[in-house]
>>> print(open('start_23.txt').read())   # compact mmCIF, C-alpha atoms
# COMPACT_ATOMS: atom_id res chain seq x y z
CA MET A 1266 12.88 19.42 47.67
CA ALA A 1267 9.87 17.33 48.75
CA ALA A 1268 10.21 15.12 45.68
CA GLU A 1269 13.89 14.60 46.47
CA MET A 1270 13.06 13.63 50.04
CA ASP A 1271 10.48 11.13 48.76
CA ARG A 1272 12.95 9.45 46.42
CA ARG A 1273 13.40 5.77 47.18
CA VAL A 1274 16.79 4.42 48.30
CA ALA A 1275 18.42 1.18 47.20
CA VAL A 1276 21.12 -0.17 49.50
CA VAL A 1277 23.51 -2.19 47.32
CA VAL A 1278 25.80 -4.65 49.08
CA GLY A 1279 28.91 -5.17 46.99
CA GLY A 1280 30.79 -2.63 44.87
CA SER A 1281 32.04 -4.90 42.14
CA VAL A 1282 30.77 -4.63 38.55
CA ALA A 1283 27.35 -6.07 39.48
CA GLY A 1284 26.90 -3.63 42.36
CA LEU A 1285 27.96 -0.54 40.43
CA ALA A 1286 25.77 -1.60 37.50
CA CYS A 1287 22.80 -1.83 39.87
CA ALA A 1288 23.58 1.62 41.25
CA HIS A 1289 23.51 3.04 37.73
CA ALA A 1290 20.25 1.25 36.97
CA ALA A 1291 18.62 2.44 40.19
CA ALA A 1292 19.62 6.02 39.46
CA GLU A 1293 18.25 5.69 35.94
CA ALA A 1294 14.96 4.55 37.50
CA GLY A 1295 14.75 7.67 39.66
CA TRP A 1296 16.10 6.12 42.86
CA LYS A 1297 19.02 7.00 45.08
CA ALA A 1298 21.60 4.29 45.79
CA VAL A 1299 24.09 3.66 48.58
CA VAL A 1300 26.75 1.04 47.84
CA LEU A 1301 28.56 -0.78 50.66
CA GLU A 1302 31.95 -2.17 49.64
CA LYS A 1303 34.68 -3.55 51.89
CA ALA A 1304 37.53 -2.67 49.49
CA ALA A 1305 39.30 0.53 50.45
CA GLY A 1306 38.79 2.15 47.05
CA PRO A 1307 37.89 1.59 43.40
CA ALA A 1308 39.93 -0.52 41.02
CA ALA A 1309 42.75 1.40 39.37
CA GLY A 1310 41.97 -0.09 35.97
CA GLY A 1311 45.45 -1.44 35.45
CA GLY A 1312 46.34 -4.88 36.71
CA THR A 1313 43.26 -5.55 38.81
CA GLY A 1314 41.28 -8.62 37.82
CA ALA A 1315 41.48 -10.26 34.42
CA GLY A 1316 39.73 -10.29 31.07
CA LEU A 1317 36.07 -10.70 30.23
CA GLY A 1318 33.86 -10.91 27.15
CA LEU A 1319 30.83 -8.65 26.72
CA ASP A 1320 27.91 -9.50 24.48
CA ALA A 1321 26.12 -6.95 22.28
CA GLN A 1322 23.29 -6.47 24.76
CA SER A 1323 25.70 -5.68 27.60
CA MET A 1324 27.64 -3.29 25.36
CA GLU A 1325 24.43 -1.42 24.55
CA THR A 1326 23.44 -1.28 28.22
CA LEU A 1327 26.85 -0.11 29.40
CA ALA A 1328 26.88 2.63 26.76
CA ARG A 1329 23.82 4.12 28.52
CA TRP A 1330 25.80 4.45 31.74
CA ILE A 1331 29.40 5.07 30.60
CA PRO A 1332 30.07 8.00 28.25
CA GLY A 1333 31.86 6.80 25.12
CA TRP A 1334 31.73 3.11 26.04
CA GLY A 1335 32.12 1.00 22.90
CA LEU A 1336 33.31 3.98 20.88
CA ASP A 1337 36.80 4.16 22.39
CA ALA A 1338 39.75 1.87 23.03
CA ALA A 1339 38.31 0.26 26.16
CA THR A 1340 37.29 -2.89 24.24
CA LEU A 1341 38.52 -5.04 21.36
CA PRO A 1342 36.34 -7.09 19.02
CA LEU A 1343 35.78 -10.79 19.51
CA ALA A 1344 34.20 -11.43 16.13
CA VAL A 1345 35.20 -15.09 15.87
CA ASP A 1346 34.59 -18.00 18.26
CA LEU A 1347 37.17 -20.66 17.35
CA ASN A 1348 37.49 -24.11 18.92
CA ARG A 1349 40.60 -26.09 18.02
CA ALA A 1350 41.90 -29.56 18.87
CA THR A 1351 45.48 -29.74 20.12
CA ASP A 1352 47.56 -32.87 19.56
CA SER A 1353 49.91 -32.81 22.55
CA ASP A 1354 52.32 -35.33 21.00
CA MET A 1355 52.57 -33.82 17.53
CA LYS A 1356 52.30 -30.23 18.80
CA ALA A 1357 49.73 -29.38 16.15
CA ALA A 1358 46.25 -27.86 16.14
CA ARG A 1359 43.23 -28.32 13.87
CA THR A 1360 39.89 -26.53 13.72
CA LEU A 1361 36.92 -28.18 15.42
CA ALA A 1362 34.28 -25.45 15.11
CA ARG A 1363 34.42 -21.86 13.88
CA ASP A 1364 31.75 -19.18 14.25
CA GLU A 1365 32.38 -15.86 12.52
CA GLY A 1366 29.21 -14.25 13.84
CA PHE A 1367 30.21 -14.14 17.50
CA ASN A 1368 29.96 -10.35 17.99
CA PHE A 1369 31.36 -10.01 21.51
CA ARG A 1370 33.89 -7.47 22.79
CA ALA A 1371 36.90 -8.10 25.03
CA ALA A 1372 37.48 -5.85 28.03
CA HIS A 1373 39.59 -5.73 31.17
CA TRP A 1374 37.70 -6.14 34.44
CA GLY A 1375 39.59 -3.33 36.15
CA GLU A 1376 38.96 -0.89 33.32
CA LEU A 1377 35.23 -1.65 33.22
CA HIS A 1378 34.98 -1.27 36.99
CA ARG A 1379 36.87 2.04 36.94
CA ARG A 1380 34.70 3.46 34.18
CA LEU A 1381 31.47 2.39 35.89
CA HIS A 1382 32.62 4.07 39.09
CA GLU A 1383 33.73 7.30 37.44
CA ALA A 1384 30.40 7.62 35.62
CA LEU A 1385 28.19 7.20 38.70
CA PRO A 1386 25.58 9.97 38.96
CA ALA A 1387 25.34 12.27 41.98
CA VAL A 1388 22.44 10.31 43.51
CA VAL A 1389 24.79 7.36 44.13
CA THR A 1390 27.05 7.19 47.19
CA VAL A 1391 29.74 4.52 47.44
CA LEU A 1392 30.92 3.78 50.97
CA TRP A 1393 34.36 2.24 50.47
CA GLY A 1394 35.94 0.36 53.34
CA HIS A 1395 32.54 -0.69 54.71
CA GLN A 1396 32.18 -4.39 55.49
CA PHE A 1397 28.56 -5.54 55.37
CA LEU A 1398 27.51 -7.40 58.52
CA SER A 1399 23.76 -7.95 58.53
CA PHE A 1400 20.39 -6.52 57.60
CA GLU A 1401 16.86 -6.30 58.95
CA VAL A 1402 13.57 -5.86 57.09
CA SER A 1403 11.01 -3.71 58.88
CA GLY A 1404 8.18 -3.93 56.38
CA GLY A 1405 7.73 -0.19 56.80
CA ASP A 1406 6.54 1.72 53.77
CA HIS A 1407 8.12 5.14 53.67
CA GLY A 1408 7.00 7.81 56.07
CA ASP A 1409 9.69 8.04 58.69
CA LYS A 1410 10.66 4.41 58.36
CA ARG A 1411 12.51 2.71 55.52
CA GLY A 1412 11.91 -0.92 54.64
CA VAL A 1413 15.43 -2.27 55.20
CA VAL A 1414 18.38 -1.40 57.42
CA ALA A 1415 21.87 -2.70 56.63
CA THR A 1416 24.62 -2.79 59.25
CA ALA A 1417 28.28 -2.41 58.29
CA ARG A 1418 31.65 -2.04 59.95
CA VAL A 1419 33.92 0.84 58.93
CA LEU A 1420 37.19 -1.04 58.51
CA ALA A 1421 39.41 1.98 59.13
CA THR A 1422 37.91 2.75 62.54
CA GLY A 1423 35.90 -0.28 63.64
CA GLU A 1424 32.77 1.86 63.93
CA ILE A 1425 29.44 0.11 63.33
CA VAL A 1426 27.04 2.07 61.13
CA GLU A 1427 23.49 1.57 59.85
CA VAL A 1428 22.25 2.44 56.38
CA ALA A 1429 18.50 2.59 55.82
CA GLY A 1430 16.74 2.11 52.51
CA ASP A 1431 13.65 0.81 50.76
CA LEU A 1432 15.35 -2.06 48.97
CA LEU A 1433 18.40 -4.23 49.64
CA VAL A 1434 20.27 -5.38 46.53
CA ALA A 1435 22.53 -8.36 47.20
CA ALA A 1436 25.48 -8.03 44.83
CA ASP A 1437 27.87 -9.73 47.24
CA GLY A 1438 29.17 -12.45 44.94
CA SER A 1439 29.00 -16.21 44.61
CA THR A 1440 29.51 -16.79 48.35
CA SER A 1441 26.77 -14.27 49.22
CA SER A 1442 25.99 -14.02 52.92
CA ILE A 1443 22.63 -12.44 52.08
CA ARG A 1444 21.65 -15.42 49.94
CA ARG A 1445 22.69 -17.72 52.78
CA ARG A 1446 20.16 -15.95 55.04
CA PHE A 1447 17.32 -17.19 52.79
CA LEU A 1448 18.85 -20.42 51.47
CA PRO A 1449 21.07 -21.73 54.26
CA GLU A 1450 21.23 -25.22 52.74
CA LEU A 1451 22.37 -24.06 49.30
CA LYS A 1452 25.98 -25.04 48.67
CA LEU A 1453 28.31 -24.09 45.87
CA ARG A 1454 28.95 -27.07 43.60
CA TYR A 1455 32.57 -27.83 42.71
CA SER A 1456 32.95 -28.36 38.97
CA GLY A 1457 35.68 -31.00 39.11
CA TYR A 1458 38.36 -28.62 37.83
CA CYS A 1459 40.19 -25.36 38.46
CA ALA A 1460 41.44 -22.66 36.12
CA TRP A 1461 44.93 -21.25 35.98
CA ARG A 1462 44.59 -17.63 34.89
CA GLY A 1463 46.97 -14.94 33.81
CA VAL A 1464 47.31 -11.69 31.88
CA PHE A 1465 50.51 -11.19 29.88
CA ASP A 1466 51.46 -7.54 29.34
CA PHE A 1467 53.43 -7.16 26.12
CA THR A 1468 53.82 -3.38 26.19
CA GLY A 1469 57.04 -2.59 24.33
CA LYS A 1470 57.45 -6.26 23.37
CA ASP A 1471 55.61 -6.39 20.03
CA SER A 1472 58.73 -7.60 18.23
CA SER A 1473 59.81 -10.08 20.90
CA ASP A 1474 60.09 -13.76 20.10
CA ILE A 1475 57.22 -14.64 22.43
CA ILE A 1476 54.78 -12.22 20.77
CA THR A 1477 55.81 -12.91 17.19
CA GLY A 1478 55.51 -16.63 17.96
CA ILE A 1479 52.08 -16.37 19.59
CA ARG A 1480 50.74 -14.21 16.74
CA ARG A 1481 52.06 -16.69 14.20
CA GLU A 1482 50.25 -19.58 15.87
CA TYR A 1483 47.17 -17.50 16.78
CA PRO A 1484 46.99 -15.06 13.85
CA GLU A 1485 43.51 -13.72 14.63
CA LEU A 1486 44.32 -12.40 18.10
CA GLY A 1487 42.65 -9.03 18.44
CA SER A 1488 39.42 -10.28 16.89
CA CYS A 1489 39.12 -13.94 17.92
CA LEU A 1490 38.26 -15.91 21.05
CA TYR A 1491 40.44 -19.04 20.92
CA PHE A 1492 39.55 -22.29 22.68
CA ASP A 1493 42.25 -24.96 22.48
CA LEU A 1494 41.06 -28.43 23.54
CA ALA A 1495 43.42 -31.27 24.41
CA ASP A 1496 42.68 -34.59 26.14
CA LYS A 1497 40.43 -33.78 29.13
CA THR A 1498 41.56 -30.16 29.37
CA HIS A 1499 41.16 -26.89 27.52
CA ALA A 1500 42.63 -23.40 27.38
CA VAL A 1501 41.27 -19.99 26.38
CA LEU A 1502 43.24 -17.15 24.78
CA TYR A 1503 42.25 -13.69 23.59
CA GLU A 1504 43.68 -10.19 23.38
CA LEU A 1505 42.69 -7.36 25.70
CA PRO A 1506 43.03 -3.61 25.13
CA GLY A 1507 46.29 -2.09 26.31
CA ASN A 1508 48.73 -4.67 24.91
CA ARG A 1509 47.61 -7.59 27.06
CA LEU A 1510 46.85 -11.25 26.39
CA ASN A 1511 44.36 -13.00 28.65
CA TRP A 1512 44.62 -16.78 29.09
CA LEU A 1513 42.91 -19.48 31.14
CA TRP A 1514 43.76 -23.14 31.44
CA TYR A 1515 41.25 -25.56 33.01
CA ILE A 1516 42.68 -28.62 34.80
CA ASN A 1517 40.63 -31.50 36.22
CA GLY A 1518 41.36 -32.46 39.81
CA PRO A 1519 40.11 -32.71 43.40
CA GLU A 1520 38.65 -29.66 45.11
CA PRO A 1521 41.36 -27.50 46.74
CA GLU A 1522 41.02 -26.22 50.27
CA LEU A 1523 40.16 -22.53 50.31
CA THR A 1524 40.42 -20.04 53.14
CA GLY A 1525 37.93 -17.23 53.57
CA SER A 1526 35.24 -16.43 51.02
CA SER A 1527 37.45 -15.98 47.95
CA VAL A 1528 37.41 -18.60 45.18
CA THR A 1529 40.85 -17.56 43.92
CA MET A 1530 44.19 -18.51 45.38
CA LYS A 1531 47.91 -18.07 44.89
CA VAL A 1532 50.16 -21.12 44.86
CA SER A 1533 53.69 -22.05 45.86
CA ASP A 1534 56.65 -21.69 43.52
CA ALA A 1535 56.91 -25.49 43.36
CA THR A 1536 53.28 -25.85 42.26
CA LEU A 1537 53.76 -23.10 39.71
CA ALA A 1538 56.82 -24.86 38.30
CA ARG A 1539 54.88 -28.13 37.95
CA MET A 1540 52.09 -26.31 36.14
CA GLN A 1541 54.56 -24.74 33.73
CA ASP A 1542 56.17 -28.11 33.00
CA GLU A 1543 52.73 -29.62 32.37
CA ALA A 1544 51.95 -26.77 29.96
CA ASP A 1545 55.07 -27.70 27.99
CA ARG A 1546 53.76 -31.26 27.72
CA VAL A 1547 50.15 -30.46 26.79
CA TRP A 1548 50.10 -27.27 24.74
CA LEU A 1549 51.69 -25.85 21.64
CA PRO A 1550 55.12 -24.38 22.42
CA GLU A 1551 53.92 -20.81 21.81
CA LEU A 1552 51.08 -21.05 24.35
CA ALA A 1553 53.24 -22.93 26.87
CA ARG A 1554 55.87 -20.22 26.66
CA LEU A 1555 53.27 -17.50 27.20
CA ILE A 1556 52.01 -19.32 30.29
CA ARG A 1557 55.55 -19.75 31.63
CA GLN A 1558 56.45 -16.08 31.18
CA THR A 1559 53.27 -14.60 32.64
CA ALA A 1560 53.90 -12.85 35.93
CA GLU A 1561 51.79 -13.90 38.93
CA PRO A 1562 49.25 -16.33 37.46
CA PHE A 1563 46.61 -17.43 39.94
CA VAL A 1564 44.15 -20.27 40.44
CA ASN A 1565 40.40 -19.79 40.17
CA VAL A 1566 38.47 -22.69 41.73
CA ILE A 1567 35.43 -23.23 39.49
CA TYR A 1568 32.07 -23.47 41.20
CA ASP A 1569 28.46 -22.97 40.32
CA ALA A 1570 25.14 -23.67 42.05
CA ASP A 1571 21.89 -25.22 40.97
CA PRO A 1572 19.41 -22.54 39.84
CA LEU A 1573 17.78 -20.70 42.72
CA PRO A 1574 14.02 -20.98 43.32
CA ARG A 1575 13.66 -17.21 43.64
CA LEU A 1576 15.52 -13.94 43.11
CA ALA A 1577 13.26 -11.72 45.24
CA TRP A 1578 12.93 -12.24 48.99
CA ALA A 1579 11.63 -10.69 52.20
CA GLY A 1580 8.30 -9.66 50.72
CA GLY A 1581 9.93 -7.89 47.80
CA ARG A 1582 12.47 -5.95 49.85
CA VAL A 1583 15.58 -7.95 48.91
CA ALA A 1584 16.81 -8.68 45.37
CA LEU A 1585 19.64 -11.04 44.46
CA VAL A 1586 21.75 -10.01 41.46
CA GLY A 1587 24.95 -11.13 39.74
CA ASP A 1588 26.88 -14.07 41.13
CA ALA A 1589 24.83 -13.90 44.33
CA ALA A 1590 21.77 -14.76 42.24
CA HIS A 1591 23.31 -17.30 39.91
CA PRO A 1592 26.83 -18.60 40.62
CA THR A 1593 27.88 -19.84 37.20
CA MET A 1594 30.82 -21.36 35.41
CA PRO A 1595 32.73 -19.10 33.02
CA HIS A 1596 32.44 -21.17 29.86
CA GLY A 1597 29.57 -19.23 28.33
CA LEU A 1598 31.07 -15.83 29.20
CA ARG A 1599 27.95 -15.24 31.26
CA SER A 1600 28.94 -13.95 34.69
CA THR A 1601 29.49 -10.27 33.85
CA ASN A 1602 26.87 -10.26 31.11
CA MET A 1603 24.24 -11.72 33.42
CA SER A 1604 25.17 -9.16 36.09
CA VAL A 1605 24.78 -6.24 33.70
CA HIS A 1606 21.46 -7.54 32.45
CA ASP A 1607 20.21 -8.23 35.99
CA ALA A 1608 20.91 -4.60 36.77
CA ARG A 1609 19.24 -3.35 33.60
CA VAL A 1610 16.05 -5.36 34.15
CA LEU A 1611 15.89 -4.51 37.86
CA GLY A 1612 16.22 -0.83 36.99
CA GLU A 1613 13.53 -1.09 34.33
CA CYS A 1614 11.16 -2.75 36.80
CA LEU A 1615 11.81 -0.07 39.42
CA GLY A 1616 11.44 2.67 36.82
CA ARG A 1617 8.04 1.40 35.68
CA ARG A 1618 6.77 1.99 39.21
CA GLY A 1619 8.27 5.46 39.53
CA GLY A 1620 10.93 6.76 41.89
CA THR A 1621 8.56 6.89 44.86
CA ALA A 1622 6.64 3.59 44.52
CA PRO A 1623 7.34 0.69 46.93
CA PRO A 1624 9.48 -2.11 45.46
CA PRO A 1625 7.64 -5.45 46.02
CA ARG A 1626 5.75 -5.50 42.71
CA ALA A 1627 8.83 -4.34 40.82
CA LEU A 1628 10.87 -7.19 42.32
CA ALA A 1629 8.19 -9.70 41.37
CA GLU A 1630 8.48 -8.50 37.76
CA TYR A 1631 12.28 -8.67 37.95
CA GLU A 1632 12.14 -12.26 39.15
CA THR A 1633 9.65 -13.25 36.45
CA ALA A 1634 11.84 -11.77 33.74
CA ARG A 1635 15.22 -13.02 34.91
CA LEU A 1636 14.74 -16.34 36.69
CA PRO A 1637 14.08 -18.54 33.62
CA VAL A 1638 16.89 -16.88 31.68
CA VAL A 1639 19.61 -17.25 34.29
CA ALA A 1640 18.53 -20.79 35.20
CA ALA A 1641 18.89 -21.94 31.59
CA GLN A 1642 22.23 -20.17 31.16
CA VAL A 1643 23.74 -21.57 34.37
CA LEU A 1644 22.88 -25.13 33.37
CA HIS A 1645 24.17 -24.67 29.82
CA ALA A 1646 27.47 -23.20 31.07
CA ARG A 1647 27.83 -26.25 33.33
CA ARG A 1648 27.25 -28.60 30.40
CA LEU A 1649 29.66 -26.70 28.14
CA GLY A 1650 32.41 -26.84 30.74
CA ARG A 1651 32.08 -30.57 31.20
CA LEU A 1652 32.11 -31.10 27.43
CA LYS A 1653 35.33 -29.15 27.01
CA GLN A 1654 36.94 -30.90 29.98
CA GLY A 1655 36.05 -34.35 28.65
CA LEU A 1656 33.92 -35.11 31.71
CA PRO A 1657 30.59 -36.97 31.70
CA VAL A 1658 27.82 -34.48 30.99
CA GLU A 1659 24.95 -36.52 32.41
CA ASP A 1660 24.89 -38.61 35.57
CA GLY A 1661 25.65 -42.23 34.79
CA GLU A 1662 27.68 -41.57 31.66
CA ASP A 1663 30.93 -43.52 31.44
CA GLY A 1664 32.91 -41.06 29.35
CA GLY A 1665 32.87 -37.53 28.05
CA PHE A 1666 33.52 -35.60 24.87
CA ASP A 1667 36.61 -36.99 23.13
CA VAL A 1668 38.35 -34.17 21.29
CA ARG A 1669 40.53 -36.68 19.41
CA ALA A 1670 37.57 -38.50 17.83
CA ALA A 1671 34.89 -35.79 17.64
CA THR A 1672 33.00 -35.45 14.38
CA GLU A 1673 32.27 -32.09 12.79
CA GLU A 1674 28.65 -32.33 13.91
CA GLU A 1675 29.61 -33.20 17.49
CA ALA A 1676 32.01 -30.24 17.59
CA LEU A 1677 29.21 -27.77 16.86
CA GLN A 1678 28.02 -28.10 20.46
CA LEU A 1679 31.24 -26.41 21.56
CA ARG A 1680 30.19 -23.08 20.04
CA GLN A 1681 29.13 -20.20 22.26
CA ARG A 1682 25.97 -19.58 20.26
CA GLY A 1683 24.43 -22.70 21.77
CA MET A 1684 23.93 -20.66 24.95
CA PRO A 1685 20.20 -20.03 25.63
CA TYR A 1686 19.27 -16.43 24.78
CA PHE A 1687 22.56 -16.01 22.90
CA GLY A 1688 21.00 -13.31 20.72
CA GLY A 1689 19.73 -11.35 23.70
CA ALA A 1690 17.69 -11.88 26.84
CA PRO A 1691 14.20 -10.40 27.32
CA THR A 1692 13.94 -6.91 28.73
CA VAL A 1693 11.04 -5.24 30.51
CA ALA A 1694 11.17 -1.84 28.82
CA ASP A 1695 10.57 -3.14 25.30
CA GLY A 1696 8.58 -6.24 26.28
CA SER A 1697 10.94 -8.49 24.30
>>> encode(input="start_23.txt", output="C-alpha cells")
Amino acid sequence: MAAEMDRRVAVVVGGSVAGLACAHAAAEAGWKAVVLEKAAGPAAGGGTGAGLGLDAQSMETLARWIPGWGLDAATLPLAVDLNRATDSDMKAARTLARDEGFNFRAAHWGELHRRLHEALPAVVTVLWGHQFLSFEVSGGDHGDKRGVVATARVLATGEIVEVAGDLLVAADGSTSSIRRRFLPELKLRYSGYCAWRGVFDFTGKDSSDIITGIRREYPELGSCLYFDLADKTHAVLYELPGNRLNWLWYINGPEPELTGSSVTMKVSDATLARMQDEADRVWLPELARLIRQTAEPFVNVIYDADPLPRLAWAGGRVALVGDAAHPTMPHGLRSTNMSVHDARVLGECLGRRGGTAPPPRALAEYETARLPVVAAQVLHARRLGRLKQGLPVEDGEDGGFDVRAATEEEALQLRQRGMPYFGGAPTVADGS
C-alpha cells in the first residue's frame, strides 16, 4: 500500500492518440496517469477522424500496449510508396518514383483511438468532459505536495476541479495552450495550401462502377500508398480496413479564416460543388468520381511551426508531446508516428528513474533523445510538401518542382524514405 501511495502521477492534458499513448507509457514506467479530455467520451471507432499511416517502429510500440495490434484486421499493409504524374489534359498517369520497401500499415484514426482507450491499464484514469484551463508548478517534491496542479472545468456541470500530479504532459495539439505559456511568440506557420479530405465507405459496393473503376486505375489499393501529382497540386489515396478508401487533395491558396482552435472546417455546398468541378478538371475520372461521391468531405488547413528550442519546461515538470511539441505537415506521415514515439521515449526515460523518482532528469533525457529527431522530421515534411505542391522550397527561389518536366533522379526526392530516421528513431531503452 505504501508503494502504491508513493507512485508518481502524470497529468496528461489531451485524450487524443498522443495523450492516450503517453498514459500507456507512463503506466508501463510504473506511474499513475490522469488524462484530462474535453470530449464527452472516447471515439466510437467508426467514422471519427480519417486515415493514417503507421511505421514499423510505431506498430511495434503499439503492440506493447494494445493486445493483438498488428495481428488482426485493424490495419492494412502499405508496402509500396508510389508517386505518379497526372496529365490533366490527357487524363493519363505515369510513374515518377516507386519504392517497394515502404513497410508502413494503414489504420483508421478512430479505431486506433478506441483500441488505445480500451487497453488502458487500471492505473490510468480518463476524465472525459473536462476542459483544461490552467496549471501551476509548485516545485514541491512529493511528501504531501505534488509538483504540478492542473485546473479544469467539468463541462456537464460547470464545476472547477484541480488535479495534482508530479508531471504535466502537454498533449493538447498543434494549438497547445500549454506551449503558449512558455513560447507566447511562437505562431503556427501557414503552408500555403489546404487539404480536402474524405473517407469513402464502399461496404456492400465492391461490384459498383465506382469501385471497379478505382481499382482498375489504382490496382494496388490495399497494399500501396498512392501519390498523384499534377501541376502545383497533389492527391493521396490508400485503402483503410473496413471497406474504406482514404483520400486527400492539397490545393494552393490564401490562408482561410478559422474560428476557435480547430484547424479543420466544413464548407458551403457552393464551395463543395466548385471543388468537385475542379477535381473533374485536374484528376483522372476515377479519382474525381470518388471525390464527388464521398459524403461530408472536410478541409484541413495545413500548418506547421519552426522546431521548438525545448521539449521540457518548468524545471522538468512539464513535457510537450505530439503536435504540441512539433506541429508538422502530413507529407511524411509523421504526426501520429512522432506522437507514439514521443510517448515511448518519455515512458522509457521515466521508467529508468523508477516509479517514485522525481521527473526533471527523466525529462532532460527525453528532450535530448527527441528534440533533434523531431526537428529534422518537421523540416523535411515541410520541404516535401512544397516539392509536391510545386512551390519554391528555399527562400528566393523563383519556381518549384515541375512534375511535367521532372527527371527520374529528381523524382527520387519525392519518396517517403528520404525522411530523416526513416528506418527508426533512437530509443532510450536500447540505446539506439
>>> atom_distance(input="start_23.txt", atom1="atom CA of Thr1621 of chain A", atom2="atom CA of Gly1295 of chain A")
8.1 Å
>>> residues_around(input="start_23.txt", residues="Leu1679 of chain A", least_positions_apart="5", cutoff="8 Å", atoms="only C-alpha atoms", output="PyMOL selection string")
chain A and resi 1348+1362+1649+1652-1653
>>> atom_distance(input="start_23.txt", atom1="atom CA of Met1324 of chain A", atom2="atom CA of Ala1344 of chain A")
13.9 Å
>>> closest_residue(input="start_23.txt", among="A:Ala1286, A:Ala1298, A:Ser1472, A:Leu1432", to="Ala1384 of chain A", atoms="all atoms listed in the file")
A:Ala1286
>>> atom_distance(input="start_23.txt", atom1="atom CA of Trp1548 of chain A", atom2="atom CA of Tyr1568 of chain A")
24.7 Å
>>> residues_around(input="start_23.txt", residues="Pro1521 of chain A", least_positions_apart="6", cutoff="12 Å", atoms="only C-alpha atoms", output="ChimeraX atom specification")
/A:1455-1460,1528-1532,1564-1568
>>> write_last_selection(input="start_23.txt", atoms="C-alpha atoms", output="compact mmCIF listing (two decimals), in the frame of the given file")
# COMPACT_ATOMS: atom_id res chain seq x y z
CA TYR A 1455 32.57 -27.83 42.71
CA SER A 1456 32.95 -28.36 38.97
CA GLY A 1457 35.68 -31.00 39.11
CA TYR A 1458 38.36 -28.62 37.83
CA CYS A 1459 40.19 -25.36 38.46
CA ALA A 1460 41.44 -22.66 36.12
CA VAL A 1528 37.41 -18.60 45.18
CA THR A 1529 40.85 -17.56 43.92
CA MET A 1530 44.19 -18.51 45.38
CA LYS A 1531 47.91 -18.07 44.89
CA VAL A 1532 50.16 -21.12 44.86
CA VAL A 1564 44.15 -20.27 40.44
CA ASN A 1565 40.40 -19.79 40.17
CA VAL A 1566 38.47 -22.69 41.73
CA ILE A 1567 35.43 -23.23 39.49
CA TYR A 1568 32.07 -23.47 41.20
>>> residues_near_point(input="start_23.txt", point="(10.5, -0.1, 52.5)", cutoff="12 Å", atoms="only C-alpha atoms", output="PyMOL selection string")
chain A and resi 1271-1276+1401-1414+1429-1433+1579-1583+1621-1625
>>> write_last_selection(input="start_23.txt", atoms="C-alpha atoms", output="CSV table (one decimal), in the coordinates of the input")
chain,number,residue,atom,x,y,z
A,1271,ASP,CA,10.5,11.1,48.8
A,1272,ARG,CA,13.0,9.4,46.4
A,1273,ARG,CA,13.4,5.8,47.2
A,1274,VAL,CA,16.8,4.4,48.3
A,1275,ALA,CA,18.4,1.2,47.2
A,1276,VAL,CA,21.1,-0.2,49.5
A,1401,GLU,CA,16.9,-6.3,59.0
A,1402,VAL,CA,13.6,-5.9,57.1
A,1403,SER,CA,11.0,-3.7,58.9
A,1404,GLY,CA,8.2,-3.9,56.4
A,1405,GLY,CA,7.7,-0.2,56.8
A,1406,ASP,CA,6.5,1.7,53.8
A,1407,HIS,CA,8.1,5.1,53.7
A,1408,GLY,CA,7.0,7.8,56.1
A,1409,ASP,CA,9.7,8.0,58.7
A,1410,LYS,CA,10.7,4.4,58.4
A,1411,ARG,CA,12.5,2.7,55.5
A,1412,GLY,CA,11.9,-0.9,54.6
A,1413,VAL,CA,15.4,-2.3,55.2
A,1414,VAL,CA,18.4,-1.4,57.4
A,1429,ALA,CA,18.5,2.6,55.8
A,1430,GLY,CA,16.7,2.1,52.5
A,1431,ASP,CA,13.6,0.8,50.8
A,1432,LEU,CA,15.4,-2.1,49.0
A,1433,LEU,CA,18.4,-4.2,49.6
A,1579,ALA,CA,11.6,-10.7,52.2
A,1580,GLY,CA,8.3,-9.7,50.7
A,1581,GLY,CA,9.9,-7.9,47.8
A,1582,ARG,CA,12.5,-6.0,49.8
A,1583,VAL,CA,15.6,-8.0,48.9
A,1621,THR,CA,8.6,6.9,44.9
A,1622,ALA,CA,6.6,3.6,44.5
A,1623,PRO,CA,7.3,0.7,46.9
A,1624,PRO,CA,9.5,-2.1,45.5
A,1625,PRO,CA,7.6,-5.4,46.0
>>> residues_near_point(input="start_23.txt", point="(32.9, -6.6, 47.6)", cutoff="6 Å", atoms="only C-alpha atoms", output="NGL selection string")
:A and (1279-1281 or 1302-1303 or 1437)
>>> closest_residue(input="start_23.txt", among="A:Arg1444, A:Lys1470, A:Arg1669, A:Arg1651", to="Asn1517 of chain A", atoms="only C-alpha atoms")
A:Arg1651
>>> closest_atom_pairs(input="start_23.txt", of="segment 1502-1607 of chain A", to="segment 1367-1374 of chain A", cutoff="8 Å", atoms="only C-alpha atoms", output="tab-separated table")
residue	atom	partner	partner_atom	distance
A:Tyr1503	CA	A:Ala1371	CA	7.9
A:Glu1504	CA	A:Ala1371	CA	7.3
A:Leu1505	CA	A:Ala1371	CA	5.9
A:Pro1506	CA	A:Ala1372	CA	6.7
>>> closest_residue(input="start_23.txt", among="A:Arg1648, A:Arg1509, A:Arg1609, A:Arg1626", to="Gly1487 of chain A", atoms="all atoms listed in the file")
A:Arg1509
>>> closest_residue(input="start_23.txt", among="A:Ile1443, A:Ala1577, A:Gly1661, A:Ala1291", to="Gly1619 of chain A", atoms="only C-alpha atoms")
A:Ala1291
>>> closest_residue(input="start_23.txt", among="A:Thr1692, A:Gln1681, A:Thr1593, A:Thr1672", to="Asp1569 of chain A", atoms="all atoms listed in the file")
A:Thr1593
>>> closest_residue(input="start_23.txt", among="A:Gly1478, A:Pro1386, A:Pro1685, A:Gly1463", to="Ala1560 of chain A", atoms="only C-alpha atoms")
A:Gly1463
>>> residues_around(input="start_23.txt", residues="Gly1316 of chain A", least_positions_apart="3", cutoff="12 Å", atoms="all atoms listed in the file", output="JSON, numbers by chain")
{"A": [1310, 1311, 1312, 1313, 1319, 1339, 1340, 1341, 1370, 1371, 1372, 1373, 1374, 1375, 1376, 1377, 1378, 1462, 1463, 1464, 1465, 1490, 1501, 1502, 1503, 1504, 1505, 1506, 1507, 1509, 1510, 1511, 1512, 1513, 1595, 1598, 1600, 1601]}
>>> residues_around(input="start_23.txt", residues="Asp1496 of chain A", least_positions_apart="6", cutoff="12 Å", atoms="all atoms listed in the file", output="JSON, numbers by chain")
{"A": [1349, 1350, 1351, 1352, 1353, 1354, 1515, 1516, 1517, 1546, 1547, 1548, 1652, 1653, 1654, 1655, 1656, 1665, 1666, 1667, 1668, 1669, 1670, 1671]}
